[in-house]
$ cat input01.cif   # mmCIF, C-alpha atoms and all ligand atoms
data_structure
#
loop_
_atom_site.label_atom_id
_atom_site.label_comp_id
_atom_site.auth_asym_id
_atom_site.auth_seq_id
_atom_site.Cartn_x
_atom_site.Cartn_y
_atom_site.Cartn_z
CA MET A 1 29.57 -117.71 84.04
CA ILE A 2 26.01 -118.79 83.20
CA PRO A 3 25.70 -119.88 79.56
CA ILE A 4 22.93 -118.19 77.61
CA THR A 5 20.49 -120.88 76.50
CA PRO A 6 19.50 -120.50 72.87
CA ALA A 7 15.74 -119.89 72.60
CA GLY A 8 13.98 -123.13 71.60
CA PRO A 9 11.36 -123.53 68.86
CA GLU A 10 8.63 -122.69 71.42
CA ALA A 11 10.15 -119.28 72.18
CA SER A 12 8.19 -116.17 71.20
CA PRO A 13 9.71 -113.95 68.47
CA VAL A 14 10.85 -111.45 71.11
CA GLU A 15 12.47 -114.21 73.21
CA GLN A 16 14.29 -115.47 70.09
CA LEU A 17 15.48 -111.96 69.37
CA VAL A 18 16.72 -111.35 72.92
CA ALA A 19 18.47 -114.76 73.07
CA GLY A 20 20.15 -114.10 69.72
CA LEU A 21 21.44 -110.67 70.72
CA ALA A 22 22.68 -111.98 74.09
CA GLY A 23 24.31 -115.06 72.54
CA ASP A 24 25.90 -114.75 69.10
CA GLY A 25 24.90 -111.11 68.68
CA TYR A 26 22.32 -111.65 65.95
CA ALA A 27 18.96 -113.26 65.18
CA ALA A 28 16.80 -113.75 62.09
CA ILE A 29 13.07 -114.18 62.63
CA PRO A 30 10.78 -115.04 59.69
CA GLY A 31 7.16 -113.88 60.00
CA PHE A 32 7.95 -111.21 62.61
CA LEU A 33 5.71 -108.57 60.97
CA PRO A 34 2.04 -109.38 60.33
CA PRO A 35 1.24 -109.56 56.57
CA VAL A 36 -1.30 -106.71 56.76
CA LEU A 37 1.31 -104.38 58.20
CA VAL A 38 3.89 -105.49 55.62
CA ARG A 39 1.43 -104.71 52.81
CA ALA A 40 0.51 -101.31 54.24
CA LEU A 41 4.16 -100.31 54.74
CA ARG A 42 4.99 -101.50 51.24
CA ARG A 43 2.16 -99.45 49.72
CA GLU A 44 3.29 -96.39 51.61
CA ALA A 45 6.95 -96.81 50.60
CA LEU A 46 6.11 -97.21 46.91
CA LEU A 47 3.81 -94.18 47.03
CA ARG A 48 6.54 -92.05 48.64
CA ASP A 49 9.04 -93.27 46.05
CA ARG A 50 6.68 -92.26 43.21
CA ARG A 51 6.36 -88.84 44.82
CA GLY A 52 10.16 -88.49 44.75
CA GLU A 53 10.64 -88.65 48.53
CA PHE A 54 13.48 -91.20 48.36
CA VAL A 55 17.05 -89.92 48.02
CA GLU A 56 20.22 -91.67 46.86
CA ALA A 57 21.82 -93.18 49.98
CA ALA A 58 25.02 -91.78 51.48
CA ILE A 59 27.78 -93.32 53.60
CA GLY A 60 30.02 -92.00 56.40
CA GLY A 61 29.41 -90.38 59.79
CA PRO A 62 28.63 -86.77 60.73
CA GLY A 63 30.80 -84.35 58.78
CA GLU A 64 31.93 -86.93 56.22
CA ARG A 65 28.73 -88.05 54.55
CA HIS A 66 28.97 -88.63 50.82
CA ARG A 67 27.56 -90.80 48.03
CA ASP A 68 29.59 -93.71 46.72
CA THR A 69 27.80 -96.02 44.30
CA THR A 70 30.69 -98.53 44.48
CA VAL A 71 29.70 -99.12 48.14
CA ARG A 72 25.91 -98.94 48.07
CA GLY A 73 23.27 -98.45 45.41
CA ASP A 74 19.99 -98.02 47.29
CA ARG A 75 17.78 -94.99 47.84
CA THR A 76 16.22 -94.20 51.21
CA CYS A 77 13.42 -92.29 52.90
CA TRP A 78 13.37 -91.62 56.67
CA LEU A 79 10.33 -92.69 58.71
CA THR A 80 8.74 -89.85 60.59
CA GLY A 81 5.91 -91.77 62.28
CA THR A 82 3.18 -89.52 60.91
CA ALA A 83 1.19 -91.89 58.64
CA GLY A 84 -0.87 -94.87 59.90
CA PRO A 85 1.33 -97.88 58.99
CA GLN A 86 4.53 -96.11 60.08
CA ARG A 87 2.92 -95.23 63.38
CA ARG A 88 1.93 -98.85 63.98
CA LEU A 89 5.45 -100.01 63.19
CA LEU A 90 7.07 -97.42 65.44
CA THR A 91 4.74 -98.38 68.31
CA LEU A 92 5.70 -102.04 67.86
CA LEU A 93 9.41 -101.15 67.81
CA GLU A 94 9.04 -98.96 70.88
CA ASP A 95 7.60 -101.96 72.79
CA LEU A 96 10.54 -104.00 71.55
CA ARG A 97 13.01 -101.36 72.75
CA VAL A 98 11.53 -101.47 76.25
CA GLN A 99 11.59 -105.29 76.34
CA ILE A 100 15.21 -105.50 75.15
CA ASN A 101 16.24 -102.97 77.80
CA ARG A 102 14.39 -104.92 80.47
CA GLU A 103 16.16 -108.18 79.50
CA LEU A 104 19.61 -107.02 78.43
CA PHE A 105 20.21 -103.62 80.09
CA LEU A 106 21.52 -102.15 76.85
CA GLY A 107 20.33 -98.65 77.67
CA LEU A 108 18.59 -98.26 74.31
CA PHE A 109 17.29 -94.71 74.20
CA ASP A 110 15.71 -93.95 70.84
CA LEU A 111 15.17 -95.16 67.31
CA GLU A 112 15.97 -94.03 63.78
CA ALA A 113 14.52 -95.82 60.77
CA HIS A 114 14.42 -95.52 57.00
CA PHE A 115 12.88 -97.30 54.03
CA ALA A 116 15.49 -98.53 51.55
CA LEU A 117 14.84 -99.48 47.94
CA TYR A 118 17.51 -101.39 46.02
CA PRO A 119 16.82 -101.38 42.28
CA PRO A 120 17.91 -104.42 40.22
CA GLY A 121 21.72 -104.56 40.45
CA GLY A 122 21.66 -102.75 43.83
CA PHE A 123 23.94 -103.93 46.65
CA TYR A 124 25.62 -102.66 49.82
CA ARG A 125 29.20 -103.81 50.42
CA ARG A 126 30.34 -105.32 53.73
CA HIS A 127 30.20 -102.76 56.54
CA LEU A 128 29.52 -102.22 60.23
CA ASP A 129 26.65 -99.91 61.21
CA ALA A 130 28.63 -98.44 64.12
CA PHE A 131 32.26 -98.01 65.02
CA GLN A 132 33.26 -98.36 68.62
CA GLY A 133 33.37 -95.00 70.32
CA ASN A 134 32.00 -92.75 67.59
CA ASN A 135 28.46 -93.87 67.03
CA ALA A 136 25.29 -94.13 69.06
CA ARG A 137 23.90 -97.16 67.20
CA VAL A 138 23.68 -100.23 69.45
CA VAL A 139 21.18 -102.61 67.84
CA SER A 140 20.50 -102.75 64.08
CA MET A 141 17.29 -104.22 62.70
CA VAL A 142 16.18 -104.82 59.13
CA LEU A 143 12.60 -105.65 58.16
CA TYR A 144 11.72 -106.89 54.69
CA LEU A 145 8.70 -105.98 52.59
CA ASN A 146 9.13 -108.24 49.52
CA SER A 147 6.34 -110.73 48.90
CA GLY A 148 6.96 -113.45 46.31
CA TRP A 149 10.75 -113.11 46.64
CA THR A 150 12.53 -116.14 45.07
CA PRO A 151 16.14 -117.39 45.41
CA ASP A 152 16.76 -116.13 41.83
CA ASP A 153 16.03 -112.59 43.03
CA GLY A 154 19.29 -112.64 45.09
CA GLY A 155 19.61 -109.69 47.49
CA GLN A 156 20.41 -111.79 50.58
CA LEU A 157 21.69 -110.09 53.71
CA ARG A 158 25.00 -111.80 54.58
CA LEU A 159 26.27 -111.67 58.18
CA TRP A 160 29.72 -112.32 59.63
CA PRO A 161 30.12 -113.31 63.31
CA ALA A 162 32.73 -110.69 64.32
CA PRO A 163 34.36 -107.53 62.92
CA HIS A 164 37.38 -109.29 61.38
CA ALA A 165 35.79 -112.67 60.57
CA ARG A 166 36.45 -114.03 57.08
CA LEU A 167 33.74 -116.69 56.91
CA PRO A 168 30.12 -115.56 56.89
CA VAL A 169 27.68 -117.23 59.32
CA LEU A 170 24.31 -116.55 57.73
CA ASP A 171 22.57 -115.47 54.52
CA VAL A 172 19.02 -114.21 54.95
CA ALA A 173 16.57 -113.87 52.05
CA PRO A 174 14.73 -110.50 52.18
CA ARG A 175 11.28 -112.11 52.33
CA ALA A 176 8.16 -110.26 53.47
CA GLY A 177 7.83 -110.13 57.26
CA THR A 178 11.35 -111.33 58.16
CA LEU A 179 13.25 -109.39 60.82
CA VAL A 180 17.03 -109.54 61.18
CA CYS A 181 18.62 -107.89 64.19
CA PHE A 182 22.22 -107.67 65.33
CA LEU A 183 24.66 -105.72 67.48
CA SER A 184 25.72 -102.70 65.43
CA GLU A 185 29.35 -102.64 66.62
CA ARG A 186 29.95 -106.38 66.33
CA ILE A 187 28.32 -107.82 63.19
CA PRO A 188 29.61 -106.91 59.70
CA HIS A 189 27.06 -107.44 56.96
CA GLU A 190 26.53 -107.01 53.24
CA VAL A 191 23.58 -106.86 50.84
CA LEU A 192 24.29 -109.16 47.88
CA PRO A 193 23.20 -107.83 44.47
CA ALA A 194 19.42 -107.87 44.07
CA HIS A 195 17.89 -108.85 40.74
CA ALA A 196 14.48 -107.32 41.43
CA ASP A 197 13.32 -104.22 43.34
CA ARG A 198 14.19 -104.96 46.98
CA LEU A 199 12.38 -103.04 49.70
CA SER A 200 13.41 -102.98 53.37
CA ILE A 201 13.20 -100.87 56.51
CA ALA A 202 16.51 -100.46 58.34
CA CYS A 203 16.26 -99.27 61.97
CA TRP A 204 18.71 -98.61 64.74
CA PHE A 205 18.17 -98.45 68.49
CA ARG A 206 20.62 -95.85 69.81
CA ARG A 207 22.10 -95.07 73.16
CA ASN A 208 21.73 -91.60 74.60
CA GLN A 209 24.84 -89.83 73.54
CA PRO A 210 26.07 -86.55 74.94
CA GLU A 211 25.75 -83.61 72.52
CA LEU A 212 28.66 -83.62 70.11
CA PRO A 213 30.73 -80.45 70.14
CA LEU A 214 29.57 -78.34 67.17
CA ALA A 215 33.00 -78.45 65.53
CA SER A 216 32.74 -82.20 65.03
CA LEU A 217 29.51 -81.82 63.04
CA THR A 218 30.90 -79.59 60.32
C1 LIG B 1 21.94 -100.72 56.11
C2 LIG B 1 21.88 -102.17 55.79
C3 LIG B 1 20.61 -104.08 55.05
C4 LIG B 1 19.42 -104.49 54.26
O1 LIG B 1 21.06 -99.97 55.65
O2 LIG B 1 22.87 -100.32 56.86
O3 LIG B 1 22.83 -102.85 56.10
O4 LIG B 1 19.22 -105.72 54.15
N1 LIG B 1 20.77 -102.68 55.21
O5 LIG B 1 18.69 -103.66 53.71
MN MN B 2 24.06 -101.87 57.61
#
$ encode --input "input01.cif" --output "structure tokens" --more "lines below"
Ligand code: OGA
Ligand code: MN
Amino acid sequence: MIPITPAGPEASPVEQLVAGLAGDGYAAIPGFLPPVLVRALRREALLRDRRGEFVEAAIGGPGERHRDTTVRGDRTCWLTGTAGPQRRLLTLLEDLRVQINRELFLGLFDLEAHFALYPPGGFYRRHLDAFQGNNARVVSMVLYLNSGWTPDDGGQLRLWPAPHARLPVLDVAPRAGTLVCFLSERIPHEVLPAHADRLSIACWFRRNQPELPLASLT
């Protein structure tokens, strides 16, 4: 077997991301998004929130979705790709999807993405984004839109190296421009309580999944 060489400090952000996914199954890349795009996305998210377009987040798969504020306390708004900054982001992520497929043959087919706003006290308990066999999510990505975030603001994203691991491997501060990506079926993660408004975009590259029988959607 050929060992995967970790990407060195010279590696481009995309090379770091690909090496992380192929190796340990995760990568965190500060400064992935240009500051102008971060600011534009942030403005748009806050505007949509003021207009009441965010809804209290739910948990569970098709047919079992429900709210549970003991598990997560954020509110979310799906990206539709219509407005300028969203469009730019989705174009960038589409390029990324093609590059990951070219390098890793993951068969990534499409993307879903939402803004998430955690108010002070908000958290999201340890979870996996996909369960083997019943979910199309393959790669999870989270982008952060919080400028001036300090350690006192909390809200780190904590990652574990494998589904049943007890010791975490990484805490990432949700600072403006940082991208975290990981394999959806392999890496459990948690959002620690935030002490200030915490804004992120969570996205998932999905595999093409055959239509579910209608009965399983009800
Ligand atoms: C999620 C999630 C992490 C974050 O929405 O599934 O894990 O840092 N989000 O916002
Ligand atoms: Mn998650």
$ residues_around --input "input01.cif" --residues "region 178-190 of chain A" --least-positions-apart "4" --cutoff "7 Å" --atoms "only C-alpha atoms" --output "PyMOL selection string"
chain A and resi 21+25-33+124-132+137-144+157-163+174
$ write_last_selection --input "input01.cif" --atoms "C-alpha atoms" --output "PDB file, in the frame of the given file"
ATOM      1  CA  LEU A  21      21.440-110.670  70.720  1.00  0.00           C
ATOM      2  CA  GLY A  25      24.900-111.110  68.680  1.00  0.00           C
ATOM      3  CA  TYR A  26      22.320-111.650  65.950  1.00  0.00           C
ATOM      4  CA  ALA A  27      18.960-113.260  65.180  1.00  0.00           C
ATOM      5  CA  ALA A  28      16.800-113.750  62.090  1.00  0.00           C
ATOM      6  CA  ILE A  29      13.070-114.180  62.630  1.00  0.00           C
ATOM      7  CA  PRO A  30      10.780-115.040  59.690  1.00  0.00           C
ATOM      8  CA  GLY A  31       7.160-113.880  60.000  1.00  0.00           C
ATOM      9  CA  PHE A  32       7.950-111.210  62.610  1.00  0.00           C
ATOM     10  CA  LEU A  33       5.710-108.570  60.970  1.00  0.00           C
ATOM     11  CA  TYR A 124      25.620-102.660  49.820  1.00  0.00           C
ATOM     12  CA  ARG A 125      29.200-103.810  50.420  1.00  0.00           C
ATOM     13  CA  ARG A 126      30.340-105.320  53.730  1.00  0.00           C
ATOM     14  CA  HIS A 127      30.200-102.760  56.540  1.00  0.00           C
ATOM     15  CA  LEU A 128      29.520-102.220  60.230  1.00  0.00           C
ATOM     16  CA  ASP A 129      26.650 -99.910  61.210  1.00  0.00           C
ATOM     17  CA  ALA A 130      28.630 -98.440  64.120  1.00  0.00           C
ATOM     18  CA  PHE A 131      32.260 -98.010  65.020  1.00  0.00           C
ATOM     19  CA  GLN A 132      33.260 -98.360  68.620  1.00  0.00           C
ATOM     20  CA  ARG A 137      23.900 -97.160  67.200  1.00  0.00           C
ATOM     21  CA  VAL A 138      23.680-100.230  69.450  1.00  0.00           C
ATOM     22  CA  VAL A 139      21.180-102.610  67.840  1.00  0.00           C
ATOM     23  CA  SER A 140      20.500-102.750  64.080  1.00  0.00           C
ATOM     24  CA  MET A 141      17.290-104.220  62.700  1.00  0.00           C
ATOM     25  CA  VAL A 142      16.180-104.820  59.130  1.00  0.00           C
ATOM     26  CA  LEU A 143      12.600-105.650  58.160  1.00  0.00           C
ATOM     27  CA  TYR A 144      11.720-106.890  54.690  1.00  0.00           C
ATOM     28  CA  LEU A 157      21.690-110.090  53.710  1.00  0.00           C
ATOM     29  CA  ARG A 158      25.000-111.800  54.580  1.00  0.00           C
ATOM     30  CA  LEU A 159      26.270-111.670  58.180  1.00  0.00           C
ATOM     31  CA  TRP A 160      29.720-112.320  59.630  1.00  0.00           C
ATOM     32  CA  PRO A 161      30.120-113.310  63.310  1.00  0.00           C
ATOM     33  CA  ALA A 162      32.730-110.690  64.320  1.00  0.00           C
ATOM     34  CA  PRO A 163      34.360-107.530  62.920  1.00  0.00           C
ATOM     35  CA  PRO A 174      14.730-110.500  52.180  1.00  0.00           C
TER      36      PRO A 174
END
$ axis_aligned_box --input "input01.cif" --around "region 199-204 of chain A" --padding-each-side "3 Å" --output "lines of an AutoDock Vina configuration file"
center_x = 15.5
center_y = -100.8
center_z = 57.2
size_x = 12.3
size_y = 10.4
size_z = 21.0
$ atom_distance --input "input01.cif" --atom1 "CA of Ala22 (chain A)" --atom2 "CA of Ala113 (chain A)"
22.5 Å
$ closest_residue --input "input01.cif" --among "A:Leu89, A:Ala57, A:Leu108, A:Leu199" --to "Pro120 (chain A)" --atoms "all atoms listed in the file"
A:Leu199
$ closest_residue --input "input01.cif" --among "A:Arg88, A:Arg102, A:Arg206, A:Arg72" --to "ligand MN 2 (chain B)" --atoms "all atoms listed in the file"
A:Arg72
$ closest_residue --input "input01.cif" --among "A:Ala40, A:Val191, A:Ser147, A:Leu167" --to "Val71 (chain A)" --atoms "all atoms listed in the file"
A:Val191
$ residues_around --input "input01.cif" --residues "Thr76 (chain A)" --least-positions-apart "3" --cutoff "9 Å" --atoms "all atoms listed in the file" --output "PyMOL selection string"
chain A and resi 49+53-57+114-118
$ atom_distance --input "input01.cif" --atom1 "CA of Gly177 (chain A)" --atom2 "CA of Asn101 (chain A)"
23.3 Å
$ atom_distance --input "input01.cif" --atom1 "CA of Asn146 (chain A)" --atom2 "CA of Glu44 (chain A)"
13.4 Å
$ closest_residue --input "input01.cif" --among "A:Gln86, A:Pro193, A:Gly121, A:Asp95" --to "Arg42 (chain A)" --atoms "only C-alpha atoms"
A:Gln86
$ closest_residue --input "input01.cif" --among "A:Ile59, A:Ala19, A:Leu37, A:Ala196" --to "ligand MN 2 (chain B)" --atoms "only C-alpha atoms and all ligand atoms"
A:Ile59
$ closest_residue --input "input01.cif" --among "A:Gly81, A:Ala58, A:Leu47, A:Leu17" --to "ligand MN 2 (chain B)" --atoms "only C-alpha atoms and all ligand atoms"
A:Ala58
$ residues_around --input "input01.cif" --residues "Ala194 (chain A)" --least-positions-apart "5" --cutoff "9 Å" --atoms "all atoms listed in the file" --output "ChimeraX atom specification"
/A:118-123,152-156
$ build_atoms --input "input01.cif" --residues "region 13-24 of chain A" --atoms "all heavy atoms" --output "JSON list (two decimals), in the coordinates of the input"
[["chain", "number", "residue", "atom", "x", "y", "z"],
["A", 13, "PRO", "N", 8.76, -114.70, 69.30],
["A", 13, "PRO", "CA", 9.71, -113.95, 68.47],
["A", 13, "PRO", "C", 10.61, -113.03, 69.30],
["A", 13, "PRO", "O", 11.81, -112.93, 69.05],
["A", 13, "PRO", "CB", 8.81, -113.15, 67.54],
["A", 13, "PRO", "CG", 7.56, -113.96, 67.45],
["A", 13, "PRO", "CD", 7.39, -114.64, 68.77],
["A", 14, "VAL", "N", 10.03, -112.37, 70.31],
["A", 14, "VAL", "CA", 10.85, -111.45, 71.11],
["A", 14, "VAL", "C", 11.88, -112.23, 71.92],
["A", 14, "VAL", "O", 13.03, -111.80, 72.05],
["A", 14, "VAL", "CB", 9.96, -110.57, 72.02],
["A", 14, "VAL", "CG1", 10.81, -109.69, 72.93],
["A", 14, "VAL", "CG2", 9.03, -109.72, 71.18],
["A", 15, "GLU", "N", 11.50, -113.39, 72.46],
["A", 15, "GLU", "CA", 12.47, -114.21, 73.21],
["A", 15, "GLU", "C", 13.59, -114.68, 72.29],
["A", 15, "GLU", "O", 14.77, -114.69, 72.68],
["A", 15, "GLU", "CB", 11.76, -115.43, 73.83],
["A", 15, "GLU", "CG", 10.93, -115.07, 75.05],
["A", 15, "GLU", "CD", 9.98, -116.19, 75.47],
["A", 15, "GLU", "OE1", 9.73, -117.13, 74.68],
["A", 15, "GLU", "OE2", 9.47, -116.11, 76.59],
["A", 16, "GLN", "N", 13.25, -115.05, 71.06],
["A", 16, "GLN", "CA", 14.29, -115.47, 70.09],
["A", 16, "GLN", "C", 15.24, -114.32, 69.81],
["A", 16, "GLN", "O", 16.46, -114.51, 69.75],
["A", 16, "GLN", "CB", 13.65, -115.88, 68.77],
["A", 16, "GLN", "CG", 12.86, -117.17, 68.82],
["A", 16, "GLN", "CD", 12.19, -117.44, 67.47],
["A", 16, "GLN", "OE1", 12.80, -117.30, 66.42],
["A", 16, "GLN", "NE2", 10.93, -117.80, 67.50],
["A", 17, "LEU", "N", 14.67, -113.14, 69.67],
["A", 17, "LEU", "CA", 15.48, -111.96, 69.37],
["A", 17, "LEU", "C", 16.44, -111.64, 70.53],
["A", 17, "LEU", "O", 17.64, -111.44, 70.32],
["A", 17, "LEU", "CB", 14.50, -110.82, 69.11],
["A", 17, "LEU", "CG", 14.97, -109.47, 68.64],
["A", 17, "LEU", "CD1", 13.82, -108.79, 67.91],
["A", 17, "LEU", "CD2", 15.44, -108.62, 69.77],
["A", 18, "VAL", "N", 15.91, -111.66, 71.74],
["A", 18, "VAL", "CA", 16.72, -111.35, 72.92],
["A", 18, "VAL", "C", 17.82, -112.41, 73.09],
["A", 18, "VAL", "O", 18.99, -112.07, 73.34],
["A", 18, "VAL", "CB", 15.83, -111.27, 74.19],
["A", 18, "VAL", "CG1", 16.65, -111.33, 75.46],
["A", 18, "VAL", "CG2", 14.99, -110.00, 74.14],
["A", 19, "ALA", "N", 17.47, -113.69, 72.92],
["A", 19, "ALA", "CA", 18.47, -114.76, 73.07],
["A", 19, "ALA", "C", 19.56, -114.63, 72.01],
["A", 19, "ALA", "O", 20.74, -114.84, 72.29],
["A", 19, "ALA", "CB", 17.79, -116.13, 72.99],
["A", 20, "GLY", "N", 19.17, -114.26, 70.79],
["A", 20, "GLY", "CA", 20.15, -114.10, 69.72],
["A", 20, "GLY", "C", 21.11, -112.97, 70.01],
["A", 20, "GLY", "O", 22.34, -113.11, 69.88],
["A", 21, "LEU", "N", 20.58, -111.83, 70.42],
["A", 21, "LEU", "CA", 21.44, -110.67, 70.72],
["A", 21, "LEU", "C", 22.38, -111.00, 71.87],
["A", 21, "LEU", "O", 23.57, -110.65, 71.85],
["A", 21, "LEU", "CB", 20.60, -109.44, 71.08],
["A", 21, "LEU", "CG", 19.84, -108.76, 69.95],
["A", 21, "LEU", "CD1", 19.02, -107.60, 70.50],
["A", 21, "LEU", "CD2", 20.79, -108.27, 68.86],
["A", 22, "ALA", "N", 21.86, -111.68, 72.91],
["A", 22, "ALA", "CA", 22.68, -111.98, 74.09],
["A", 22, "ALA", "C", 23.70, -113.07, 73.80],
["A", 22, "ALA", "O", 24.76, -113.11, 74.43],
["A", 22, "ALA", "CB", 21.77, -112.43, 75.24],
["A", 23, "GLY", "N", 23.41, -113.94, 72.85],
["A", 23, "GLY", "CA", 24.31, -115.06, 72.54],
["A", 23, "GLY", "C", 25.31, -114.68, 71.46],
["A", 23, "GLY", "O", 26.35, -114.09, 71.72],
["A", 24, "ASP", "N", 24.96, -114.99, 70.21],
["A", 24, "ASP", "CA", 25.90, -114.75, 69.10],
["A", 24, "ASP", "C", 25.91, -113.30, 68.64],
["A", 24, "ASP", "O", 26.73, -112.93, 67.81],
["A", 24, "ASP", "CB", 25.51, -115.65, 67.92],
["A", 24, "ASP", "CG", 25.69, -117.12, 68.26],
["A", 24, "ASP", "OD1", 26.62, -117.44, 69.03],
["A", 24, "ASP", "OD2", 24.90, -117.94, 67.76]]
